[in-house]
file final39.txt (compact mmCIF, C-alpha atoms and all ligand atoms)
# COMPACT_ATOMS: atom_id res chain seq x y z
CA MET A 1 90.43 102.98 106.76
CA LYS A 2 93.37 103.27 104.38
CA PHE A 3 96.10 101.70 106.49
CA THR A 4 95.29 98.01 105.97
CA PRO A 5 95.18 98.26 102.13
CA LEU A 6 98.44 100.22 102.18
CA ILE A 7 100.17 97.53 104.25
CA LYS A 8 98.77 94.84 101.97
CA LYS A 9 100.16 96.74 98.99
CA LEU A 10 103.52 97.10 100.77
CA ASN A 11 103.69 93.34 101.28
CA THR A 12 102.50 92.28 97.84
CA SER A 13 103.34 94.99 95.31
CA LYS A 14 105.80 94.03 92.58
CA ARG A 15 107.13 97.55 92.47
CA PRO A 16 108.41 99.55 95.44
CA LEU A 17 106.01 102.07 96.94
CA PHE A 18 106.84 105.76 96.97
CA ALA A 19 106.47 107.68 100.23
CA VAL A 20 106.89 111.41 100.70
CA LEU A 21 108.05 112.43 104.16
CA ILE A 22 106.41 115.58 105.47
CA ASP A 23 108.03 117.43 108.34
CA PRO A 24 105.24 119.56 109.90
CA ASP A 25 107.80 122.30 110.61
CA LYS A 26 108.43 122.68 106.87
CA PHE A 27 104.96 121.88 105.57
CA ASN A 28 104.11 123.07 102.06
CA LEU A 29 100.63 122.51 100.60
CA ASP A 30 101.97 122.84 97.05
CA LEU A 31 103.86 119.59 97.56
CA ILE A 32 100.60 117.85 98.51
CA ARG A 33 98.88 119.19 95.39
CA LEU A 34 101.74 117.92 93.25
CA ALA A 35 101.63 114.54 94.99
CA ASN A 36 97.97 114.17 94.01
CA ILE A 37 98.99 114.40 90.36
CA CYS A 38 102.12 112.29 90.76
CA LYS A 39 100.39 109.33 92.44
CA VAL A 40 102.46 109.10 95.58
CA ASP A 41 101.56 105.95 97.59
CA CYS A 42 101.57 107.58 101.03
CA PHE A 43 102.73 110.47 103.14
CA LEU A 44 104.83 109.85 106.22
CA ILE A 45 104.44 112.54 108.87
CA GLY A 46 107.13 113.26 111.43
CA GLY A 47 110.48 114.76 112.28
CA SER A 48 113.32 114.17 114.71
CA VAL A 49 112.48 117.34 116.60
CA LEU A 50 109.34 119.33 115.95
CA GLU A 51 109.76 123.01 116.70
CA LYS A 52 106.72 124.96 115.62
CA GLY A 53 104.89 122.50 113.45
CA ASN A 54 101.68 120.88 114.50
CA VAL A 55 101.07 117.28 113.46
CA ASN A 56 97.28 117.53 113.83
CA LYS A 57 96.97 120.70 111.78
CA THR A 58 99.27 119.31 109.09
CA ILE A 59 97.25 116.12 108.69
CA ILE A 60 93.92 117.97 108.66
CA ALA A 61 95.25 120.30 105.95
CA ILE A 62 96.48 117.34 103.88
CA LYS A 63 93.19 115.47 104.27
CA LYS A 64 91.25 118.48 102.99
CA ILE A 65 92.88 118.27 99.58
CA SER A 66 94.22 114.74 99.21
CA SER A 67 93.06 111.14 99.58
CA ILE A 68 96.61 109.75 99.74
CA PRO A 69 97.07 107.68 102.95
CA VAL A 70 98.76 109.53 105.82
CA VAL A 71 101.00 107.49 108.11
CA LEU A 72 102.65 108.75 111.27
CA PHE A 73 106.41 108.33 111.47
CA PRO A 74 106.94 109.89 114.89
CA GLY A 75 110.25 111.15 116.24
CA ASP A 76 108.74 111.12 119.72
CA GLU A 77 105.62 110.58 121.76
CA LYS A 78 104.26 114.07 121.03
CA GLN A 79 103.89 113.41 117.31
CA LEU A 80 100.70 111.32 117.39
CA SER A 81 97.34 112.28 115.86
CA LYS A 82 93.97 110.59 115.63
CA HIS A 83 93.57 112.13 112.17
CA ALA A 84 96.25 109.87 110.65
CA ASP A 85 95.34 106.65 108.87
CA GLY A 86 97.96 104.70 110.78
CA LEU A 87 101.33 104.61 112.44
CA PHE A 88 104.71 103.07 111.76
CA LEU A 89 105.73 102.52 115.38
CA PRO A 90 109.51 102.72 115.47
CA SER A 91 112.05 101.21 117.82
CA LEU A 92 115.63 102.32 117.22
CA LEU A 93 117.32 98.91 117.13
CA SER A 94 120.59 100.28 115.75
CA GLY A 95 121.14 102.20 119.00
CA ARG A 96 121.41 101.32 122.64
CA ASN A 97 119.45 104.19 124.10
CA PRO A 98 116.61 102.64 126.13
CA ASP A 99 114.45 105.75 125.65
CA TYR A 100 114.25 105.10 121.90
CA LEU A 101 114.17 101.30 122.19
CA ILE A 102 111.21 101.13 124.59
CA GLY A 103 110.85 104.30 126.71
CA LYS A 104 109.08 106.44 124.09
CA GLN A 105 106.90 103.48 123.10
CA ILE A 106 105.69 103.14 126.70
CA LEU A 107 104.77 106.82 126.68
CA MET A 108 102.97 106.41 123.36
CA SER A 109 101.10 103.21 124.20
CA PRO A 110 98.07 104.64 126.06
CA VAL A 111 97.70 107.39 123.45
CA ILE A 112 97.78 104.87 120.57
CA LYS A 113 95.13 102.81 122.36
CA GLN A 114 92.93 105.79 123.14
CA MET A 115 93.20 107.09 119.54
CA LYS A 116 92.58 103.55 118.20
CA LEU A 117 95.48 104.13 115.80
CA PRO A 118 96.19 101.22 113.47
CA HIS A 119 99.92 100.55 113.80
CA LEU A 120 102.76 98.34 112.68
CA PRO A 121 105.88 97.75 114.80
CA MET A 122 108.88 98.95 112.82
CA ALA A 123 112.57 98.20 113.44
CA TYR A 124 114.37 101.45 112.76
CA LEU A 125 118.04 101.07 111.80
CA LEU A 126 120.19 104.12 111.41
CA ILE A 127 122.99 103.38 108.92
CA ASN A 128 125.97 105.68 108.54
CA GLY A 129 125.17 108.17 105.76
CA ASN A 130 128.44 110.08 106.11
CA ARG A 131 126.81 113.09 107.71
CA ALA A 132 125.84 113.42 111.39
CA SER A 133 122.07 113.06 111.17
CA ALA A 134 119.40 114.73 113.28
CA THR A 135 118.31 111.25 114.44
CA GLN A 136 121.82 110.51 115.65
CA LYS A 137 122.00 113.79 117.58
CA VAL A 138 118.50 113.66 119.07
CA THR A 139 118.66 110.01 120.10
CA ASN A 140 122.27 110.21 121.22
CA THR A 141 123.09 106.96 119.43
CA GLN A 142 125.64 105.93 116.85
CA PRO A 143 124.59 104.73 113.39
CA LEU A 144 125.58 101.25 112.24
CA ASP A 145 128.58 101.22 109.94
CA ALA A 146 127.35 100.16 106.48
CA LYS A 147 130.51 98.03 106.18
CA ASN A 148 129.60 96.01 109.28
CA LYS A 149 127.28 93.79 107.28
CA LYS A 150 127.14 90.99 109.82
CA LEU A 151 125.87 93.25 112.62
CA ILE A 152 123.28 94.88 110.37
CA LEU A 153 122.02 91.55 109.00
CA HIS A 154 121.77 90.05 112.47
CA THR A 155 119.96 93.14 113.74
CA ALA A 156 117.45 92.81 110.89
CA LEU A 157 117.05 89.10 111.59
CA ALA A 158 116.55 89.72 115.32
CA ALA A 159 113.92 92.34 114.42
CA GLU A 160 111.93 89.80 112.42
CA GLN A 161 112.30 87.14 115.12
CA LEU A 162 111.10 89.65 117.74
CA GLY A 163 107.93 90.25 115.76
CA PHE A 164 108.64 93.56 114.02
CA LYS A 165 106.62 93.80 110.81
CA LEU A 166 108.80 96.32 108.96
CA ILE A 167 112.43 97.34 108.74
CA TYR A 168 113.37 100.94 107.97
CA LEU A 169 116.95 101.41 106.78
CA GLU A 170 117.65 105.07 107.49
CA ALA A 171 120.73 106.86 106.20
CA GLY A 172 119.49 110.05 107.89
CA SER A 173 117.71 113.04 106.41
CA GLY A 174 119.96 114.78 103.93
CA ALA A 175 122.51 111.95 104.06
CA LYS A 176 125.52 112.26 101.77
CA THR A 177 125.45 108.53 101.12
CA SER A 178 122.19 106.58 100.83
CA VAL A 179 121.91 103.02 102.14
CA PRO A 180 123.96 100.88 99.71
CA ASN A 181 121.94 98.66 97.38
CA ALA A 182 124.13 95.64 98.14
CA LEU A 183 123.18 95.93 101.81
CA VAL A 184 119.46 96.26 101.06
CA LYS A 185 119.67 93.18 98.82
CA GLU A 186 121.36 91.11 101.55
CA ILE A 187 118.75 92.16 104.09
CA LYS A 188 115.96 91.26 101.67
CA LYS A 189 117.51 87.80 101.32
CA THR A 190 117.74 87.44 105.11
CA VAL A 191 114.26 88.54 106.23
CA SER A 192 110.77 88.17 104.80
CA ILE A 193 109.25 91.39 106.18
CA PRO A 194 109.13 94.55 104.02
CA VAL A 195 112.15 96.84 103.94
CA ILE A 196 111.88 100.62 103.69
CA VAL A 197 114.80 102.74 102.55
CA GLY A 198 115.29 106.48 103.08
CA GLY A 199 117.85 109.20 103.46
CA GLY A 200 119.77 111.21 100.90
CA ILE A 201 117.75 110.33 97.79
CA ASP A 202 117.72 113.73 96.15
CA SER A 203 117.92 113.19 92.40
CA LYS A 204 116.48 111.11 89.58
CA ALA A 205 119.75 109.19 89.29
CA LYS A 206 119.76 108.29 92.99
CA MET A 207 116.11 107.25 92.81
CA GLN A 208 116.76 105.06 89.78
CA ASN A 209 119.60 103.47 91.67
CA ALA A 210 117.53 102.93 94.85
CA LEU A 211 114.81 101.29 92.78
CA LYS A 212 117.26 98.53 91.88
CA SER A 213 117.84 97.64 95.54
CA GLY A 214 114.69 95.57 95.98
CA ALA A 215 113.38 97.81 98.78
CA ASN A 216 109.62 97.68 99.29
CA MET A 217 109.25 101.40 99.93
CA ILE A 218 111.45 104.39 99.15
CA VAL A 219 111.12 107.57 101.18
CA VAL A 220 112.09 111.09 100.14
CA GLY A 221 111.80 114.15 102.37
CA ASN A 222 114.52 116.77 102.35
CA ALA A 223 114.98 117.09 98.58
CA LEU A 224 111.26 117.79 98.12
CA GLU A 225 111.22 120.36 100.90
CA ASN A 226 113.94 122.18 98.97
CA ASN A 227 112.39 121.67 95.55
CA PRO A 228 108.78 120.40 95.34
CA ASN A 229 109.02 120.34 91.54
CA LEU A 230 111.45 117.44 91.78
CA LEU A 231 108.48 115.24 92.71
CA ALA A 232 107.30 114.72 89.13
CA GLU A 233 110.75 113.58 88.07
CA LEU A 234 111.15 111.21 91.02
CA SER A 235 107.69 109.67 90.78
CA ALA A 236 108.17 109.10 87.05
CA CYS A 237 110.94 106.65 87.99
CA PHE A 238 108.31 104.29 89.45
CA THR A 239 106.19 102.10 87.23
CA PHE A 240 102.71 102.40 88.59
CA ALA A 241 100.45 99.39 88.40
C1 LIG B 1 114.43 110.76 106.72
O1 LIG B 1 114.65 108.74 105.45
C2 LIG B 1 113.98 109.97 105.52
O2 LIG B 1 113.92 110.20 107.88
C3 LIG B 1 114.11 110.75 104.25
O3 LIG B 1 115.42 111.24 104.10
O4 LIG B 1 115.06 113.70 104.00
O5 LIG B 1 117.16 112.69 103.07
O6 LIG B 1 114.99 112.37 101.91
P1 LIG B 1 115.67 112.57 103.21

call {"tool": "encode", "arguments": {"input": "final39.txt", "output": "structure tokens", "more": "lines below"}}
Ligand code: 1GP
result
Amino acid sequence: MKFTPLIKKLNTSKRPLFAVLIDPDKFNLDLIRLANICKVDCFLIGGSVLEKGNVNKTIIAIKKISSIPVVLFPGDEKQLSKHADGLFLPSLLSGRNPDYLIGKQILMSPVIKQMKLPHLPMAYLLINGNRASATQKVTNTQPLDAKNKKLILHTALAAEQLGFKLIYLEAGSGAKTSVPNALVKEIKKTVSIPVIVGGGIDSKAKMQNALKSGANMIVVGNALENNPNLLAELSACFTFA
């Protein structure tokens, strides 16, 4: 099982991990082949709304050609698969929609148990990325204003106190503005659990900048759907141990 070593690496690695987000609706096997050469740390599988994609089929296709760990990052209860190595189980703590705070998790719980899916509870915080994100629309919640540092820090702190094992700072897929480094740094000083950052990282310069934030994992999705060849350039920004 690849999930436990991945989580250990997330908690102990001196460098941030690199995750590639795969939306099953826009799945491209070429990107997986490139990832094998570029030493990506894991794939995250999910999307806010899945239209035609099939999570199971996507994971099976990935597993046929790659040994990179596959972690579910589900937008809703339908996006679970026993073929994944594990699950980042999100609760949208930035919002006040009970469906995404606990409702979806109740629907997922018997499936997670039946599939025996290794999982980690993840506090999911949507931060304003200056573009209305799919997450915002689907969950019918407002993102946290990046300038409201106190609220964000206290939300992160509450997440750790409640027992969440990860914090995902999400600017939204295709965000104009990524999560500011200063904010990530403050959160890292406030909590001891790993912090994941994603949303709007679509160039080498933005990746180099994000790498200075102290985040434990950096996620890229949209930019690689548009241009898989960008992967080599982005992964070269990481120093691999
Ligand atoms: C979205 O944070 C991820 O959930 C990745 O964002 O698609 O903008 O890379 P991008």

call {"tool": "atom_distance", "arguments": {"input": "final39.txt", "atom1": "atom CA of A:Met115", "atom2": "atom CA of A:His83"}}
result
8.9 Å

call {"tool": "residues_around", "arguments": {"input": "final39.txt", "residues": "A:Ala132", "least_positions_apart": "4", "cutoff": "10 Å", "atoms": "all atoms listed in the file", "output": "JSON, numbers by chain"}}
result
{"A": [128, 136, 137, 142, 143, 171, 172, 173, 174, 175, 176]}

call {"tool": "residues_near_ligand", "arguments": {"input": "final39.txt", "ligand": "ligand LIG 1 (chain B)", "cutoff": "6 Å", "atoms": "all atoms listed in the file", "output": "ChimeraX atom specification"}}
result
/A:170,172-175,198-201,219-223

call {"tool": "write_last_selection", "arguments": {"input": "final39.txt", "atoms": "C-alpha atoms", "output": "PDB file, keeping the file's coordinate frame"}}
result
ATOM      1  CA  GLU A 170     117.650 105.070 107.490  1.00  0.00           C
ATOM      2  CA  GLY A 172     119.490 110.050 107.890  1.00  0.00           C
ATOM      3  CA  SER A 173     117.710 113.040 106.410  1.00  0.00           C
ATOM      4  CA  GLY A 174     119.960 114.780 103.930  1.00  0.00           C
ATOM      5  CA  ALA A 175     122.510 111.950 104.060  1.00  0.00           C
ATOM      6  CA  GLY A 198     115.290 106.480 103.080  1.00  0.00           C
ATOM      7  CA  GLY A 199     117.850 109.200 103.460  1.00  0.00           C
ATOM      8  CA  GLY A 200     119.770 111.210 100.900  1.00  0.00           C
ATOM      9  CA  ILE A 201     117.750 110.330  97.790  1.00  0.00           C
ATOM     10  CA  VAL A 219     111.120 107.570 101.180  1.00  0.00           C
ATOM     11  CA  VAL A 220     112.090 111.090 100.140  1.00  0.00           C
ATOM     12  CA  GLY A 221     111.800 114.150 102.370  1.00  0.00           C
ATOM     13  CA  ASN A 222     114.520 116.770 102.350  1.00  0.00           C
ATOM     14  CA  ALA A 223     114.980 117.090  98.580  1.00  0.00           C
TER      15      ALA A 223
END

call {"tool": "residues_near_point", "arguments": {"input": "final39.txt", "point": "(108.6, 110.6, 108.3)", "cutoff": "12 Å", "atoms": "all atoms listed in the file", "output": "PyMOL selection string"}}
result
chain A and resi 19-25+42-50+55+70-76+79+87-90+124+135+168+170+172-173+196-199+218-222

call {"tool": "write_last_selection", "arguments": {"input": "final39.txt", "atoms": "C-alpha atoms", "output": "mmCIF file, in the coordinates of the input"}}
result
data_model
loop_
_atom_site.group_PDB
_atom_site.id
_atom_site.type_symbol
_atom_site.label_atom_id
_atom_site.label_comp_id
_atom_site.auth_asym_id
_atom_site.auth_seq_id
_atom_site.Cartn_x
_atom_site.Cartn_y
_atom_site.Cartn_z
ATOM 1 C CA ALA A 19 106.470 107.680 100.230
ATOM 2 C CA VAL A 20 106.890 111.410 100.700
ATOM 3 C CA LEU A 21 108.050 112.430 104.160
ATOM 4 C CA ILE A 22 106.410 115.580 105.470
ATOM 5 C CA ASP A 23 108.030 117.430 108.340
ATOM 6 C CA PRO A 24 105.240 119.560 109.900
ATOM 7 C CA ASP A 25 107.800 122.300 110.610
ATOM 8 C CA CYS A 42 101.570 107.580 101.030
ATOM 9 C CA PHE A 43 102.730 110.470 103.140
ATOM 10 C CA LEU A 44 104.830 109.850 106.220
ATOM 11 C CA ILE A 45 104.440 112.540 108.870
ATOM 12 C CA GLY A 46 107.130 113.260 111.430
ATOM 13 C CA GLY A 47 110.480 114.760 112.280
ATOM 14 C CA SER A 48 113.320 114.170 114.710
ATOM 15 C CA VAL A 49 112.480 117.340 116.600
ATOM 16 C CA LEU A 50 109.340 119.330 115.950
ATOM 17 C CA VAL A 55 101.070 117.280 113.460
ATOM 18 C CA VAL A 70 98.760 109.530 105.820
ATOM 19 C CA VAL A 71 101.000 107.490 108.110
ATOM 20 C CA LEU A 72 102.650 108.750 111.270
ATOM 21 C CA PHE A 73 106.410 108.330 111.470
ATOM 22 C CA PRO A 74 106.940 109.890 114.890
ATOM 23 C CA GLY A 75 110.250 111.150 116.240
ATOM 24 C CA ASP A 76 108.740 111.120 119.720
ATOM 25 C CA GLN A 79 103.890 113.410 117.310
ATOM 26 C CA LEU A 87 101.330 104.610 112.440
ATOM 27 C CA PHE A 88 104.710 103.070 111.760
ATOM 28 C CA LEU A 89 105.730 102.520 115.380
ATOM 29 C CA PRO A 90 109.510 102.720 115.470
ATOM 30 C CA TYR A 124 114.370 101.450 112.760
ATOM 31 C CA THR A 135 118.310 111.250 114.440
ATOM 32 C CA TYR A 168 113.370 100.940 107.970
ATOM 33 C CA GLU A 170 117.650 105.070 107.490
ATOM 34 C CA GLY A 172 119.490 110.050 107.890
ATOM 35 C CA SER A 173 117.710 113.040 106.410
ATOM 36 C CA ILE A 196 111.880 100.620 103.690
ATOM 37 C CA VAL A 197 114.800 102.740 102.550
ATOM 38 C CA GLY A 198 115.290 106.480 103.080
ATOM 39 C CA GLY A 199 117.850 109.200 103.460
ATOM 40 C CA ILE A 218 111.450 104.390 99.150
ATOM 41 C CA VAL A 219 111.120 107.570 101.180
ATOM 42 C CA VAL A 220 112.090 111.090 100.140
ATOM 43 C CA GLY A 221 111.800 114.150 102.370
ATOM 44 C CA ASN A 222 114.520 116.770 102.350
#

call {"tool": "axis_aligned_box", "arguments": {"input": "final39.txt", "around": "stretch 6-25 of chain A", "padding_each_side": "8 Å", "output": "JSON"}}
result
{"center_x": 103.4, "center_y": 107.3, "center_z": 101.5, "size_x": 26.0, "size_y": 46.0, "size_z": 34.1}

call {"tool": "atom_distance", "arguments": {"input": "final39.txt", "atom1": "atom CA of A:Arg131", "atom2": "atom CA of A:Lys147"}}
result
15.6 Å

call {"tool": "closest_residue", "arguments": {"input": "final39.txt", "among": "A:Gly129, A:Lys52, A:Pro121, A:Asn209", "to": "A:Cys237", "atoms": "only C-alpha atoms"}}
result
A:Asn209

call {"tool": "closest_residue", "arguments": {"input": "final39.txt", "among": "A:Leu31, A:Met1, A:Leu6, A:Leu92", "to": "A:Ile62", "atoms": "only C-alpha atoms"}}
result
A:Leu31

call {"tool": "residues_around", "arguments": {"input": "final39.txt", "residues": "A:Asn97", "least_positions_apart": "4", "cutoff": "8 Å", "atoms": "only C-alpha atoms", "output": "PDB file with C-alpha atoms, in the frame of the given file"}}
result
ATOM      1  CA  LEU A 101     114.170 101.300 122.190  1.00  0.00           C
ATOM      2  CA  THR A 139     118.660 110.010 120.100  1.00  0.00           C
ATOM      3  CA  ASN A 140     122.270 110.210 121.220  1.00  0.00           C
ATOM      4  CA  THR A 141     123.090 106.960 119.430  1.00  0.00           C
TER       5      THR A 141
END

call {"tool": "closest_atom_pairs", "arguments": {"input": "final39.txt", "of": "stretch 124-160 of chain A", "to": "stretch 177-195 of chain A", "cutoff": "10 Å", "atoms": "only C-alpha atoms", "output": "JSON lines"}}
result
{"residue": "A:Leu126", "atom": "CA", "partner": "A:Val179", "partner_atom": "CA", "distance": 9.5}
{"residue": "A:Ile127", "atom": "CA", "partner": "A:Val179", "partner_atom": "CA", "distance": 6.9}
{"residue": "A:Asn128", "atom": "CA", "partner": "A:Thr177", "partner_atom": "CA", "distance": 8.0}
{"residue": "A:Gly129", "atom": "CA", "partner": "A:Thr177", "partner_atom": "CA", "distance": 4.7}
{"residue": "A:Asn130", "atom": "CA", "partner": "A:Thr177", "partner_atom": "CA", "distance": 6.0}
{"residue": "A:Arg131", "atom": "CA", "partner": "A:Thr177", "partner_atom": "CA", "distance": 8.1}
{"residue": "A:Ala146", "atom": "CA", "partner": "A:Val179", "partner_atom": "CA", "distance": 7.5}
{"residue": "A:Lys147", "atom": "CA", "partner": "A:Leu183", "partner_atom": "CA", "distance": 8.8}
{"residue": "A:Asn148", "atom": "CA", "partner": "A:Leu183", "partner_atom": "CA", "distance": 9.9}
{"residue": "A:Lys149", "atom": "CA", "partner": "A:Leu183", "partner_atom": "CA", "distance": 7.2}
{"residue": "A:Ile152", "atom": "CA", "partner": "A:Ile187", "partner_atom": "CA", "distance": 8.2}
{"residue": "A:Leu153", "atom": "CA", "partner": "A:Ile187", "partner_atom": "CA", "distance": 5.9}
{"residue": "A:His154", "atom": "CA", "partner": "A:Thr190", "partner_atom": "CA", "distance": 8.8}
{"residue": "A:Thr155", "atom": "CA", "partner": "A:Ile187", "partner_atom": "CA", "distance": 9.8}
{"residue": "A:Ala156", "atom": "CA", "partner": "A:Ile187", "partner_atom": "CA", "distance": 7.0}
{"residue": "A:Leu157", "atom": "CA", "partner": "A:Val191", "partner_atom": "CA", "distance": 6.1}
{"residue": "A:Ala158", "atom": "CA", "partner": "A:Val191", "partner_atom": "CA", "distance": 9.4}
{"residue": "A:Ala159", "atom": "CA", "partner": "A:Val191", "partner_atom": "CA", "distance": 9.0}
{"residue": "A:Glu160", "atom": "CA", "partner": "A:Val191", "partner_atom": "CA", "distance": 6.7}

call {"tool": "closest_residue", "arguments": {"input": "final39.txt", "among": "A:Asp99, A:Ile65, A:Ala215, A:Pro110", "to": "A:Asp30", "atoms": "all atoms listed in the file"}}
result
A:Ile65
